[in-house]
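Data file: input.txt. Format and content: compact mmCIF, C-alpha atoms.
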```txt
# COMPACT_ATOMS: atom_id res chain seq x y z
CA MET A 1 -18.45 -62.61 -5.29
CA THR A 2 -16.79 -59.56 -3.79
CA ASP A 3 -14.38 -59.35 -6.74
CA ILE A 4 -17.28 -59.31 -9.20
CA VAL A 5 -18.95 -56.47 -7.27
CA TRP A 6 -15.77 -54.43 -7.33
CA VAL A 7 -15.31 -55.02 -11.05
CA LEU A 8 -18.91 -53.95 -11.76
CA LEU A 9 -18.47 -50.90 -9.55
CA LEU A 10 -15.30 -49.87 -11.38
CA VAL A 11 -17.01 -50.36 -14.75
CA LEU A 12 -19.94 -48.26 -13.58
CA LEU A 13 -17.62 -45.49 -12.37
CA LEU A 14 -15.75 -45.56 -15.68
CA VAL A 15 -19.00 -45.27 -17.66
CA VAL A 16 -20.16 -42.33 -15.51
CA ALA A 17 -16.78 -40.63 -15.88
CA LEU A 18 -16.91 -41.05 -19.65
CA LEU A 19 -20.44 -39.60 -19.76
CA VAL A 20 -19.31 -36.59 -17.72
CA VAL A 21 -16.27 -36.10 -19.95
CA ARG A 22 -18.45 -36.38 -23.05
CA ARG A 23 -20.74 -33.64 -21.77
CA ARG A 24 -18.17 -31.29 -20.22
CA MET A 25 -15.07 -31.95 -22.37
CA PRO A 26 -16.16 -33.29 -25.76
CA VAL A 27 -12.67 -32.84 -27.25
CA VAL A 28 -11.13 -35.14 -24.63
CA PHE A 29 -13.93 -37.68 -25.13
CA TRP A 30 -13.36 -37.58 -28.88
CA TRP A 31 -9.67 -38.40 -28.56
CA LEU A 32 -10.25 -41.13 -25.99
CA VAL A 33 -13.33 -42.86 -27.41
CA GLY A 34 -14.89 -41.15 -30.42
CA TYR A 35 -12.00 -41.21 -32.87
CA PRO A 36 -10.92 -44.84 -32.29
CA VAL A 37 -14.52 -46.08 -32.62
CA ILE A 38 -15.45 -44.10 -35.74
CA ALA A 39 -12.08 -44.64 -37.44
CA LEU A 40 -12.39 -48.41 -36.91
CA ARG A 41 -15.96 -48.31 -38.20
CA VAL A 42 -14.85 -46.42 -41.32
CA LEU A 43 -11.97 -48.81 -42.02
CA LEU A 44 -14.08 -51.95 -41.63
CA SER A 45 -17.16 -50.79 -43.56
CA TYR A 46 -15.67 -48.41 -46.12
CA ARG A 47 -16.17 -50.55 -49.24
CA ALA A 48 -19.67 -51.73 -48.26
CA THR A 49 -20.79 -48.22 -47.30
CA MET A 50 -19.55 -46.68 -50.54
CA ASP A 51 -21.29 -49.42 -52.52
CA ALA A 52 -24.57 -48.94 -50.60
CA CYS A 53 -24.45 -45.18 -51.21
CA GLY A 54 -23.84 -45.61 -54.93
CA LEU A 55 -20.33 -44.16 -54.77
CA THR A 56 -18.55 -47.07 -56.45
CA VAL A 57 -17.76 -47.66 -60.14
CA PRO A 58 -17.61 -50.92 -62.11
CA ALA A 59 -14.31 -52.73 -62.05
CA SER A 60 -11.90 -52.14 -64.89
CA ALA A 61 -11.42 -54.65 -67.68
CA VAL A 62 -8.17 -55.85 -66.14
CA ARG A 63 -9.86 -56.52 -62.79
CA VAL A 64 -12.73 -58.34 -64.50
CA ALA A 65 -10.35 -60.55 -66.49
CA THR A 66 -8.27 -61.33 -63.39
CA ALA A 67 -11.40 -62.21 -61.42
CA ARG A 68 -12.53 -64.61 -64.15
CA VAL A 69 -9.19 -66.39 -64.12
CA ILE A 70 -9.45 -67.10 -60.39
CA GLY A 71 -13.16 -67.89 -60.62
CA ARG A 72 -14.55 -64.89 -58.79
CA GLN A 73 -16.80 -61.94 -59.59
CA ALA A 74 -15.20 -58.51 -59.85
CA ALA A 75 -16.59 -56.27 -57.10
CA PRO A 76 -17.36 -52.57 -57.72
CA VAL A 77 -14.44 -50.27 -56.95
CA PRO A 78 -14.79 -47.50 -54.28
CA PRO A 79 -12.72 -44.29 -54.40
CA ARG A 80 -9.19 -44.60 -53.10
CA ARG A 81 -8.83 -43.09 -49.65
CA SER A 82 -6.18 -41.99 -47.24
CA PHE A 83 -5.97 -43.13 -43.63
CA PRO A 84 -8.56 -41.34 -41.42
CA ARG A 85 -6.57 -38.59 -39.70
CA PRO A 86 -7.95 -37.10 -36.46
CA ASN A 87 -8.32 -33.39 -35.81
CA ALA A 88 -9.78 -31.31 -32.99
CA SER A 89 -13.41 -31.94 -33.96
CA GLY A 90 -13.47 -35.13 -36.02
CA LEU A 91 -11.45 -36.88 -38.68
CA VAL A 92 -10.42 -36.14 -42.25
CA MET A 93 -9.94 -38.43 -45.25
CA ARG A 94 -8.70 -37.56 -48.71
CA LEU A 95 -10.53 -39.37 -51.51
CA ARG A 96 -9.37 -39.93 -55.08
CA MET A 97 -12.53 -39.93 -57.16
CA ALA A 98 -12.94 -42.57 -59.82
CA THR A 99 -13.57 -41.75 -63.46
CA GLY A 100 -17.05 -40.32 -63.95
CA GLN A 101 -17.53 -39.22 -60.33
CA ALA A 102 -18.06 -35.63 -59.21
CA PRO A 103 -17.99 -33.93 -55.78
CA GLU A 104 -21.75 -33.40 -56.04
CA ASP A 105 -22.24 -37.18 -55.86
CA PHE A 106 -20.56 -37.29 -52.46
CA THR A 107 -22.34 -34.13 -51.23
CA ALA A 108 -25.70 -35.72 -52.06
CA SER A 109 -24.73 -38.83 -50.06
CA ALA A 110 -23.27 -36.95 -47.06
CA ASP A 111 -26.30 -37.62 -44.86
CA ARG A 112 -26.24 -41.34 -45.63
CA LEU A 113 -22.53 -41.51 -44.84
CA ARG A 114 -23.20 -39.71 -41.55
CA HIS A 115 -25.72 -42.33 -40.46
CA ALA A 116 -23.64 -45.25 -41.68
CA TRP A 117 -20.55 -44.22 -39.72
CA GLY A 118 -22.30 -42.72 -36.67
CA ALA A 119 -20.83 -39.22 -37.06
CA HIS A 120 -22.56 -35.97 -36.15
CA ALA A 121 -22.06 -34.52 -39.64
CA VAL A 122 -20.15 -35.18 -42.87
CA HIS A 123 -18.79 -32.34 -45.00
CA VAL A 124 -17.35 -32.63 -48.48
CA ARG A 125 -14.84 -30.15 -49.89
CA PRO A 126 -13.14 -30.42 -53.30
CA THR A 127 -9.41 -29.74 -53.04
CA LYS A 128 -8.02 -30.22 -56.56
CA PRO A 129 -9.20 -31.94 -59.76
CA GLY A 130 -9.98 -35.55 -58.99
CA TRP A 131 -9.54 -35.17 -55.21
CA LEU A 132 -11.82 -34.18 -52.39
CA GLU A 133 -11.71 -33.95 -48.61
CA LEU A 134 -14.22 -35.90 -46.54
CA ARG A 135 -14.51 -34.39 -43.04
CA LEU A 136 -16.43 -36.22 -40.32
CA VAL A 137 -17.48 -34.15 -37.30
CA GLY A 138 -17.68 -36.12 -34.07
CA TRP A 139 -20.14 -33.93 -32.12
CA ASP A 140 -22.12 -30.70 -32.31
CA VAL A 141 -19.27 -28.18 -32.24
CA LEU A 142 -21.72 -25.25 -32.27
CA ALA A 143 -23.29 -26.25 -28.96
CA ASP A 144 -20.56 -24.53 -26.91
CA VAL A 145 -18.22 -22.18 -28.79
CA ARG A 146 -15.12 -20.85 -27.04
CA PRO A 147 -12.85 -18.06 -28.33
CA ALA A 148 -10.14 -19.20 -30.71
CA ARG A 149 -6.93 -20.20 -28.92
CA ARG A 150 -4.64 -20.14 -31.93
CA GLN A 151 -2.25 -17.27 -32.48
CA ALA A 152 -3.36 -14.22 -34.40
CA SER A 153 -2.70 -14.32 -38.13
CA ALA A 154 0.26 -12.47 -39.53
CA GLU A 155 -2.23 -10.63 -41.73
CA PRO A 156 -3.79 -7.79 -39.70
CA SER A 157 -6.83 -7.83 -41.99
CA ARG A 158 -7.84 -11.42 -41.05
CA LEU A 159 -10.01 -12.00 -37.98
CA PRO A 160 -11.40 -15.38 -36.79
CA LEU A 161 -14.90 -14.41 -35.68
CA ALA A 162 -17.06 -17.55 -35.54
CA LEU A 163 -16.73 -21.32 -35.48
CA ARG A 164 -18.08 -23.15 -38.51
CA GLU A 165 -20.11 -26.34 -38.22
CA ASP A 166 -17.26 -28.36 -39.75
CA GLY A 167 -14.90 -27.38 -36.91
CA ASP A 168 -12.89 -24.73 -38.77
CA TRP A 169 -13.04 -21.02 -37.96
CA TYR A 170 -14.80 -18.51 -40.16
CA VAL A 171 -12.19 -15.86 -40.84
CA ARG A 172 -13.23 -12.34 -41.82
CA ASP A 173 -10.69 -11.35 -44.47
CA PHE A 174 -11.02 -7.67 -45.39
CA ARG A 175 -8.56 -7.94 -48.27
CA THR A 176 -10.62 -10.68 -49.96
CA VAL A 177 -14.16 -9.62 -48.94
CA PRO A 178 -13.93 -5.89 -48.18
CA HIS A 179 -17.58 -5.16 -47.32
CA GLU A 180 -20.12 -7.17 -45.33
CA LEU A 181 -23.84 -7.17 -44.61
CA ILE A 182 -24.92 -8.46 -41.18
CA LEU A 183 -28.61 -9.15 -40.57
CA GLY A 184 -30.38 -10.49 -37.49
CA ALA A 185 -33.47 -10.04 -35.38
CA THR A 186 -33.45 -8.92 -31.76
CA GLN A 187 -31.75 -11.50 -29.49
CA SER A 188 -30.41 -13.40 -32.51
CA GLY A 189 -26.72 -12.90 -31.68
CA LYS A 190 -26.02 -10.15 -34.19
CA SER A 191 -24.69 -7.84 -31.48
CA VAL A 192 -22.34 -10.56 -30.17
CA TYR A 193 -20.90 -11.04 -33.65
CA LEU A 194 -20.40 -7.28 -33.93
CA ARG A 195 -18.68 -7.15 -30.52
CA ASN A 196 -16.20 -9.83 -31.59
CA LEU A 197 -15.52 -7.89 -34.78
CA LEU A 198 -15.01 -4.56 -33.02
CA CYS A 199 -12.80 -6.05 -30.30
CA GLY A 200 -10.66 -7.78 -32.89
CA LEU A 201 -10.20 -4.53 -34.80
CA ALA A 202 -9.73 -2.46 -31.62
CA ARG A 203 -6.46 -4.26 -30.88
CA GLN A 204 -5.04 -3.29 -34.27
CA ARG A 205 -4.00 -0.04 -35.90
CA VAL A 206 -7.34 0.61 -37.56
CA VAL A 207 -9.60 3.68 -37.72
CA LEU A 208 -13.02 2.64 -36.39
CA VAL A 209 -15.97 4.78 -37.47
CA GLY A 210 -19.54 4.21 -36.29
CA ILE A 211 -22.98 5.32 -37.43
CA ASP A 212 -25.75 4.45 -34.98
CA CYS A 213 -29.00 6.36 -35.37
CA LYS A 214 -30.56 4.77 -32.27
CA TRP A 215 -29.08 7.72 -30.38
CA GLY A 216 -25.77 5.86 -30.27
CA VAL A 217 -26.88 3.32 -27.67
CA GLU A 218 -25.51 0.31 -29.58
CA LEU A 219 -22.05 1.71 -30.30
CA ALA A 220 -21.67 4.05 -27.30
CA PRO A 221 -19.92 1.38 -25.13
CA PHE A 222 -17.16 1.25 -27.76
CA ALA A 223 -16.76 5.04 -27.95
CA PRO A 224 -13.27 5.16 -26.32
CA ARG A 225 -11.88 3.28 -29.32
CA LEU A 226 -13.93 5.01 -32.04
CA SER A 227 -12.42 7.76 -34.14
CA ALA A 228 -15.88 9.04 -35.11
CA LEU A 229 -19.48 8.37 -34.11
CA ALA A 230 -22.66 9.75 -35.68
CA ASP A 231 -25.89 9.25 -33.73
CA ASP A 232 -28.43 11.00 -36.00
CA PRO A 233 -29.02 11.10 -39.78
CA ASP A 234 -27.80 14.68 -40.26
CA ARG A 235 -24.51 14.00 -38.50
CA ALA A 236 -24.20 10.70 -40.39
CA ASN A 237 -24.62 12.54 -43.68
CA ASP A 238 -21.76 14.90 -42.76
CA LEU A 239 -19.61 11.97 -41.63
CA LEU A 240 -20.10 10.23 -44.98
CA ASP A 241 -18.98 13.44 -46.73
CA ALA A 242 -15.81 13.43 -44.63
CA LEU A 243 -15.12 9.80 -45.53
CA LEU A 244 -15.59 10.55 -49.22
CA GLU A 245 -13.08 13.37 -48.93
CA GLU A 246 -10.67 11.03 -47.19
CA MET A 247 -11.14 8.47 -49.96
CA GLU A 248 -10.43 11.06 -52.64
CA ASP A 249 -7.22 12.13 -50.87
CA ARG A 250 -6.08 8.52 -50.70
CA PHE A 251 -6.65 8.03 -54.42
CA ARG A 252 -4.59 11.15 -55.09
CA LEU A 253 -1.83 9.65 -52.95
CA ILE A 254 -1.98 6.42 -54.94
CA GLY A 255 -1.84 8.40 -58.20
CA LEU A 256 1.15 10.44 -57.05
CA SER A 257 3.05 7.28 -56.17
CA GLY A 258 2.91 6.24 -59.83
CA ALA A 259 4.68 9.43 -60.88
CA ASP A 260 7.91 8.21 -59.28
CA PRO A 261 9.77 6.11 -61.89
CA ASP A 262 11.57 4.16 -59.15
CA ALA A 263 8.39 3.29 -57.24
CA VAL A 264 6.47 0.07 -57.68
CA LEU A 265 3.19 0.73 -59.48
CA THR A 266 0.09 0.01 -57.42
CA SER A 267 -3.66 0.51 -57.66
CA ASP A 268 -4.49 0.38 -53.95
CA VAL A 269 -3.08 1.52 -50.63
CA TRP A 270 -1.65 -1.92 -49.81
CA GLY A 271 0.98 -1.46 -52.50
CA LEU A 272 2.28 1.79 -50.97
CA PRO A 273 5.36 1.83 -48.73
CA ASP A 274 4.69 1.40 -45.03
CA THR A 275 5.92 4.92 -44.33
CA VAL A 276 3.19 6.58 -46.40
CA ARG A 277 0.43 3.96 -46.35
CA PRO A 278 -2.80 5.33 -44.83
CA VAL A 279 -4.36 3.53 -41.89
CA PRO A 280 -7.31 1.25 -42.83
CA VAL A 281 -10.77 2.61 -42.02
CA VAL A 282 -13.69 0.37 -41.03
CA LEU A 283 -17.13 2.01 -41.11
CA VAL A 284 -19.77 0.23 -39.00
CA VAL A 285 -23.37 1.20 -39.82
CA ASP A 286 -25.61 -0.21 -37.09
CA GLU A 287 -29.40 -0.52 -37.64
CA VAL A 288 -29.27 0.72 -41.21
CA ALA A 289 -33.08 0.97 -41.36
CA GLU A 290 -33.03 3.67 -38.67
CA LEU A 291 -30.51 5.62 -40.73
CA PHE A 292 -32.72 5.65 -43.81
CA LEU A 293 -36.15 6.27 -42.25
CA ALA A 294 -37.92 9.08 -44.08
CA ALA A 295 -40.97 10.98 -42.80
CA ASN A 296 -41.13 13.70 -45.46
CA ARG A 297 -39.69 14.71 -48.81
CA ASP A 298 -36.59 16.31 -47.29
CA ASP A 299 -35.81 13.11 -45.41
CA GLU A 300 -36.18 11.16 -48.65
CA LYS A 301 -33.67 13.41 -50.40
CA ARG A 302 -31.19 13.00 -47.56
CA ARG A 303 -31.76 9.23 -47.53
CA ASP A 304 -31.13 8.91 -51.28
CA ALA A 305 -28.00 11.04 -50.91
CA MET A 306 -26.65 8.85 -48.11
CA VAL A 307 -27.36 5.65 -50.04
CA THR A 308 -25.47 7.11 -52.99
CA LYS A 309 -22.52 7.96 -50.75
CA LEU A 310 -22.45 4.48 -49.25
CA ILE A 311 -22.51 2.99 -52.75
CA ARG A 312 -19.52 5.13 -53.73
CA LEU A 313 -17.64 4.04 -50.62
CA ALA A 314 -18.50 0.42 -51.33
CA GLN A 315 -17.47 0.60 -54.99
CA LEU A 316 -14.22 2.49 -54.52
CA GLY A 317 -13.36 2.09 -50.85
CA ARG A 318 -11.51 -1.23 -51.10
CA ALA A 319 -8.62 0.29 -53.06
CA ALA A 320 -8.46 3.18 -50.58
CA GLY A 321 -8.46 0.91 -47.52
CA ILE A 322 -12.01 1.83 -46.46
CA TYR A 323 -14.30 -1.06 -45.54
CA LEU A 324 -18.01 -1.25 -44.68
CA GLU A 325 -19.89 -3.31 -42.10
CA VAL A 326 -23.62 -2.70 -42.58
CA CYS A 327 -25.85 -4.16 -39.83
CA GLY A 328 -29.58 -4.25 -39.31
CA GLN A 329 -32.68 -6.25 -38.51
CA ARG A 330 -33.88 -5.88 -42.09
CA PHE A 331 -32.44 -4.76 -45.39
CA GLY A 332 -34.81 -4.28 -48.31
CA SER A 333 -36.04 -2.07 -51.10
CA GLU A 334 -37.92 0.11 -48.60
CA LEU A 335 -34.58 1.70 -47.78
CA GLY A 336 -34.87 3.71 -50.95
CA LYS A 337 -33.38 3.88 -54.41
CA GLY A 338 -30.03 2.18 -54.65
CA ALA A 339 -30.55 -0.30 -51.80
CA THR A 340 -30.24 -3.26 -54.15
CA MET A 341 -27.12 -1.78 -55.72
CA LEU A 342 -25.62 -1.28 -52.26
CA ARG A 343 -26.40 -4.88 -51.33
CA ALA A 344 -24.60 -6.09 -54.46
CA GLN A 345 -21.41 -4.34 -53.24
CA LEU A 346 -21.64 -5.97 -49.79
CA THR A 347 -20.27 -9.30 -50.99
CA GLY A 348 -19.85 -10.78 -47.50
CA ARG A 349 -23.12 -11.87 -45.89
CA VAL A 350 -23.91 -12.91 -42.32
CA CYS A 351 -27.55 -13.76 -41.64
CA HIS A 352 -28.67 -14.64 -38.11
CA ARG A 353 -32.24 -15.56 -37.23
CA VAL A 354 -34.49 -13.02 -38.94
CA ASN A 355 -38.11 -12.00 -38.48
CA ASP A 356 -39.26 -12.79 -42.01
CA GLU A 357 -38.25 -14.85 -45.00
CA ALA A 358 -37.83 -11.75 -47.17
CA SER A 359 -34.86 -10.59 -45.08
CA ALA A 360 -33.16 -13.97 -45.43
CA ASN A 361 -33.72 -13.86 -49.18
CA MET A 362 -32.37 -10.32 -49.34
CA ALA A 363 -29.22 -11.45 -47.56
CA LEU A 364 -28.54 -14.82 -49.14
CA ALA A 365 -30.88 -15.66 -52.04
CA ASP A 366 -28.51 -14.14 -54.62
CA ILE A 367 -25.70 -16.31 -53.18
CA SER A 368 -27.53 -19.60 -52.74
CA PRO A 369 -31.22 -20.44 -52.27
CA GLU A 370 -30.16 -23.27 -49.92
CA ALA A 371 -28.34 -20.73 -47.73
CA ALA A 372 -31.48 -18.59 -47.45
CA LEU A 373 -33.50 -21.67 -46.52
CA ALA A 374 -30.93 -22.60 -43.86
CA ALA A 375 -31.14 -19.09 -42.37
CA THR A 376 -34.91 -19.34 -41.97
CA SER A 377 -34.53 -22.58 -39.99
CA ILE A 378 -32.21 -21.19 -37.28
CA PRO A 379 -33.86 -21.97 -33.90
CA ALA A 380 -34.61 -19.16 -31.48
CA ASP A 381 -32.95 -21.00 -28.59
CA ARG A 382 -29.53 -20.85 -30.27
CA PRO A 383 -28.49 -17.19 -30.34
CA GLY A 384 -25.31 -16.54 -32.23
CA VAL A 385 -25.92 -19.15 -34.91
CA ALA A 386 -25.79 -17.61 -38.39
CA VAL A 387 -25.34 -18.50 -42.03
CA VAL A 388 -22.32 -16.87 -43.68
CA GLY A 389 -21.67 -16.69 -47.39
CA ASP A 390 -19.96 -14.66 -50.07
CA SER A 391 -20.36 -13.92 -53.75
CA SER A 392 -18.59 -17.17 -54.70
CA GLY A 393 -21.70 -19.12 -53.69
CA GLY A 394 -20.14 -20.89 -50.73
CA TRP A 395 -21.93 -20.80 -47.38
CA SER A 396 -21.77 -22.40 -43.95
CA ARG A 397 -23.43 -22.33 -40.53
CA VAL A 398 -21.37 -20.62 -37.86
CA ARG A 399 -21.69 -19.50 -34.25
CA SER A 400 -19.87 -16.65 -32.54
CA PRO A 401 -18.25 -17.15 -29.12
CA LEU A 402 -20.14 -15.40 -26.35
CA LEU A 403 -18.68 -11.98 -25.53
CA SER A 404 -20.48 -9.85 -22.99
CA LEU A 405 -21.02 -6.14 -23.47
CA GLU A 406 -18.96 -5.38 -20.34
CA ASP A 407 -15.97 -7.36 -21.61
CA ALA A 408 -16.18 -5.76 -25.06
CA ALA A 409 -16.39 -2.28 -23.57
CA ALA A 410 -13.38 -3.04 -21.35
CA VAL A 411 -11.35 -4.03 -24.42
CA CYS A 412 -12.22 -0.74 -26.13
CA ARG A 413 -11.29 1.24 -23.02
CA GLY A 414 -8.02 -0.62 -22.74
CA THR A 415 -7.10 0.06 -26.36
CA SER A 416 -8.15 3.72 -26.47
CA ALA A 417 -4.50 4.76 -26.82
CA LEU A 418 -4.36 2.91 -30.17
CA VAL A 419 -6.76 5.32 -31.90
CA PRO A 420 -4.91 6.53 -35.03
CA GLU A 421 -4.63 10.20 -35.93
CA LEU A 422 -7.07 11.26 -38.65
CA PRO A 423 -7.65 15.05 -38.38
CA ARG A 424 -10.57 15.02 -40.83
CA LEU A 425 -12.63 13.02 -38.32
CA ASP A 426 -11.72 14.96 -35.17
CA ARG A 427 -15.00 16.86 -35.10
CA PHE A 428 -16.91 13.56 -35.05
CA ARG A 429 -14.92 12.06 -32.18
CA PRO A 430 -17.20 10.99 -29.30
CA ALA A 431 -16.92 13.16 -26.20
CA ILE A 432 -16.24 10.15 -23.98
CA ALA A 433 -13.39 9.14 -26.28
CA LEU A 434 -11.80 12.58 -25.96
CA ALA A 435 -12.12 12.44 -22.18
CA SER A 436 -10.55 8.97 -21.97
CA ALA A 437 -7.74 10.00 -24.31
CA GLY A 438 -7.00 13.03 -22.13
CA SER A 439 -6.95 11.03 -18.93
CA SER A 440 -4.70 8.36 -20.43
CA SER A 441 -2.25 10.95 -21.70
CA SER A 442 -2.15 12.71 -18.33
CA THR A 443 -1.41 9.52 -16.44
CA GLY A 444 1.02 8.28 -19.04
CA ALA A 445 -0.33 4.73 -18.88
CA THR A 446 -0.43 2.97 -22.23
CA PRO A 447 -2.72 -0.07 -22.44
CA THR A 448 -1.16 -3.16 -23.94
CA ALA A 449 -2.75 -4.52 -27.10
CA ARG A 450 -3.52 -8.23 -26.82
CA PRO A 451 -3.66 -10.70 -29.74
CA VAL A 452 -7.01 -10.77 -31.51
CA THR A 453 -7.45 -14.51 -30.95
CA GLU A 454 -6.39 -14.54 -27.35
```
Using structure tokens, write down the structure from this file.
Amino acid sequence: MTDIVWVLLLVLLLVVALLVVRRRMPVVFWWLVGYPVIALRVLLSYRATMDACGLTVPASAVRVATARVIGRQAAPVPPRRSFPRPNASGLVMRLRMATGQAPEDFTASADRLRHAWGAHAVHVRPTKPGWLELRLVGWDVLADVRPARRQASAEPSRLPLALREDGDWYVRDFRTVPHELILGATQSGKSVYLRNLLCGLARQRVVLVGIDCKWGVELAPFAPRLSALADDPDRANDLLDALLEEMEDRFRLIGLSGADPDAVLTSDVWGLPDTVRPVPVVLVVDEVAELFLAANRDDEKRRDAMVTKLIRLAQLGRAAGIYLEVCGQRFGSELGKGATMLRAQLTGRVCHRVNDEASANMALADISPEAALAATSIPADRPGVAVVGDSSGGWSRVRSPLLSLEDAAAVCRGTSALVPELPRLDRFRPAIALASAGSSSSTGATPTARPVTE
């Protein structure tokens, strides 16, 4: 009797330990319990599940003839699969689609596959003609997002900023998607996403320029790392003129490089030699609606002029190494003439929870109506969750790792010595940035830049 009690007690302790591990360390629980259970379930029920979901095809003539010879009925044929391979958030299988099947058939059945195999989610991604990747996610990876632990990419223009719902990281690639529109209501997590972006760029040799017409309160904590900051529309208008002049000078530099017969021809700054290549510039426009508010006719003229300048920077800035990050609670036609044209140039889209459906449609409807619908269903109790997409039509739910304002400001203070020299922007340098630069030069201490994905 005593032995039975001890066995039951040990079993109870094991169950409690597993429940605690599942809640506190879902990755450990997945490797210990989740993957073996789901992989075994997939292997045992694969053919029946595919048949129930309508993802099988009739047997070939050879199979039918062979089945008749042995007195059996030829069963429908499911797609060929690889062995379920585990990863950090689930498992992955490669499927060889049968003749007549398309990835859309599997996408439409993803929810049924999720229920049949007991996974949190199922994602389908075509890899090459005739093949697709079936990714099963073991738990809600967006419930608790931690900063990426992998090493920083060799490409300085690639930043992992948010975790996608399929377990991979959403990487902001400035070379591929040069300009981005970020929308989100108050307390939606838009500021946290922006902090991760600024801290990632602050550790690199990049010119950071800010426009914040809320008297600079949003971007002021990052002032030690900013090369320029405009906190009112008039100053922002002058700053945009300076950036246009910088862009014109860079295009002249690119043109002069083609005059050398021994030089490699290039159409952007990335093809120039490292010794003469200009430093990339990232312009962050926070609360774009505040920038374009107009109370009279003069304000309307200034607003239309600034929209035109932003459109020029968006159209031509990629080749000159100038990139835009436009943020706001709303982005619509009320911003004046050219707002729709500007939005078309901002091919990267990040939409957090918004106050109205029109803002979600403005951000994502031209990419995918389903993405706009997903953005309107983001719950208020999950700040940081957003829908990201680009002009290719692809989209995904993501969530940024929590980064406090104090930690982000500390990163910018610690990297203030990395501010590149750009004399054209000296008159727009924040006063606090000049003071911190002077104190750091007097003490001779040089902060160490840490990897972006530390």
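Note that atom CA of Ser227 of chain A and atom CA of Arg146 of chain A are 29.6 Å apart.
With only the atoms specified (all atoms listed in the file) counting, those residues at most 9 Å away from (-24.6, -19.2, -33.8) are Leu142, Ala143, Val145, Ala162, Leu163, Arg164, Ser188, Gly189, Tyr193, His352, Ile378, Arg382, Pro383, Gly384, Val385, Ala386, Val387, Arg397, Val398, Arg399, Ser400 and Pro401 of chain A.
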Ser404 of chain A surroundings by all atoms listed in the file, 12 Å radius, close-in-sequence under 3 positions cut, as a VMD selection string: chain A and resid 189 191 to 196 199 221 400 to 401 407 to 411
Taking all atoms of segment 348-359 of chain A that appear in the file, build a box with edges along x, y and z, extend it by 5 Å on every side, and state its centre and edge lengths in Å to one decimal, as JSON.
```
{"center_x": -29.6, "center_y": -13.1, "center_z": -42.4, "size_x": 29.4, "size_y": 15.0, "size_z": 20.3}
```
Atom-to-atom span, atom CA of Asp212 of chain A and atom CA of Leu324 of chain A, Å: 13.7 Å
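Distances from A:Gly348, A:Gly389, A:Gly118, A:Pro36 to Thr176 of chain A were compared using only C-alpha atoms, and the smallest one belongs to A:Gly348.
Shortest atom-to-atom contact with Gln187 of chain A among A:Leu313, A:Val16, A:Ile367, A:Arg353: A:Arg353, counting all atoms listed in the file.
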Computed interatomic separation between atom CA of Trp31 of chain A and atom CA of Arg135 of chain A (Å): 15.8 Å
Point (-12.6, 12.5, -48.0) neighbourhood (12 Å, all atoms listed in the file) written as an MDAnalysis selection string: chainID A and resid 238:252 281 309 312:313 317 320 322 422:425
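In terms of minimum interatomic distance to Leu136 of chain A, A:Gly34 ranks closest within A:Gly328, A:Gly34, A:Pro369, A:Gly71, counting all atoms listed in the file.
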Neighbour list for Leu208 of chain A as a VMD selection string, cut-off 9 Å, all atoms listed in the file, skip fewer than 6 positions in-chain: chain A and resid 198 201 to 202 225 to 229 280 to 284 419
Just the residues within 9 Å of Met97 of chain A, please, counting all atoms listed in the file, with nothing from its chain fewer than 3 positions along; format it as a tab-separated table (two decimals) with C-alpha atoms, in the frame of the given file.
```tsv
chain	number	residue	atom	x	y	z
A	78	PRO	CA	-14.79	-47.50	-54.28
A	79	PRO	CA	-12.72	-44.29	-54.40
A	80	ARG	CA	-9.19	-44.60	-53.10
A	81	ARG	CA	-8.83	-43.09	-49.65
A	100	GLY	CA	-17.05	-40.32	-63.95
A	101	GLN	CA	-17.53	-39.22	-60.33
A	102	ALA	CA	-18.06	-35.63	-59.21
A	103	PRO	CA	-17.99	-33.93	-55.78
A	130	GLY	CA	-9.98	-35.55	-58.99
A	131	TRP	CA	-9.54	-35.17	-55.21
A	132	LEU	CA	-11.82	-34.18	-52.39
```
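For the set A:Ala52, A:Ala59, A:Leu183, A:Ala305, the residue with the smallest atom-to-atom gap to Val354 of chain A is A:Leu183, counting all atoms listed in the file.
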Among the residues A:Val57, A:Leu113, A:Leu43, A:Ala119, the one that comes closest to Pro84 of chain A [using all atoms listed in the file]: A:Leu43
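In terms of minimum interatomic distance to Asp168 of chain A, A:Gly90 ranks closest within A:Pro379, A:Gly90, A:Gly271, A:Gly414, counting only C-alpha atoms.
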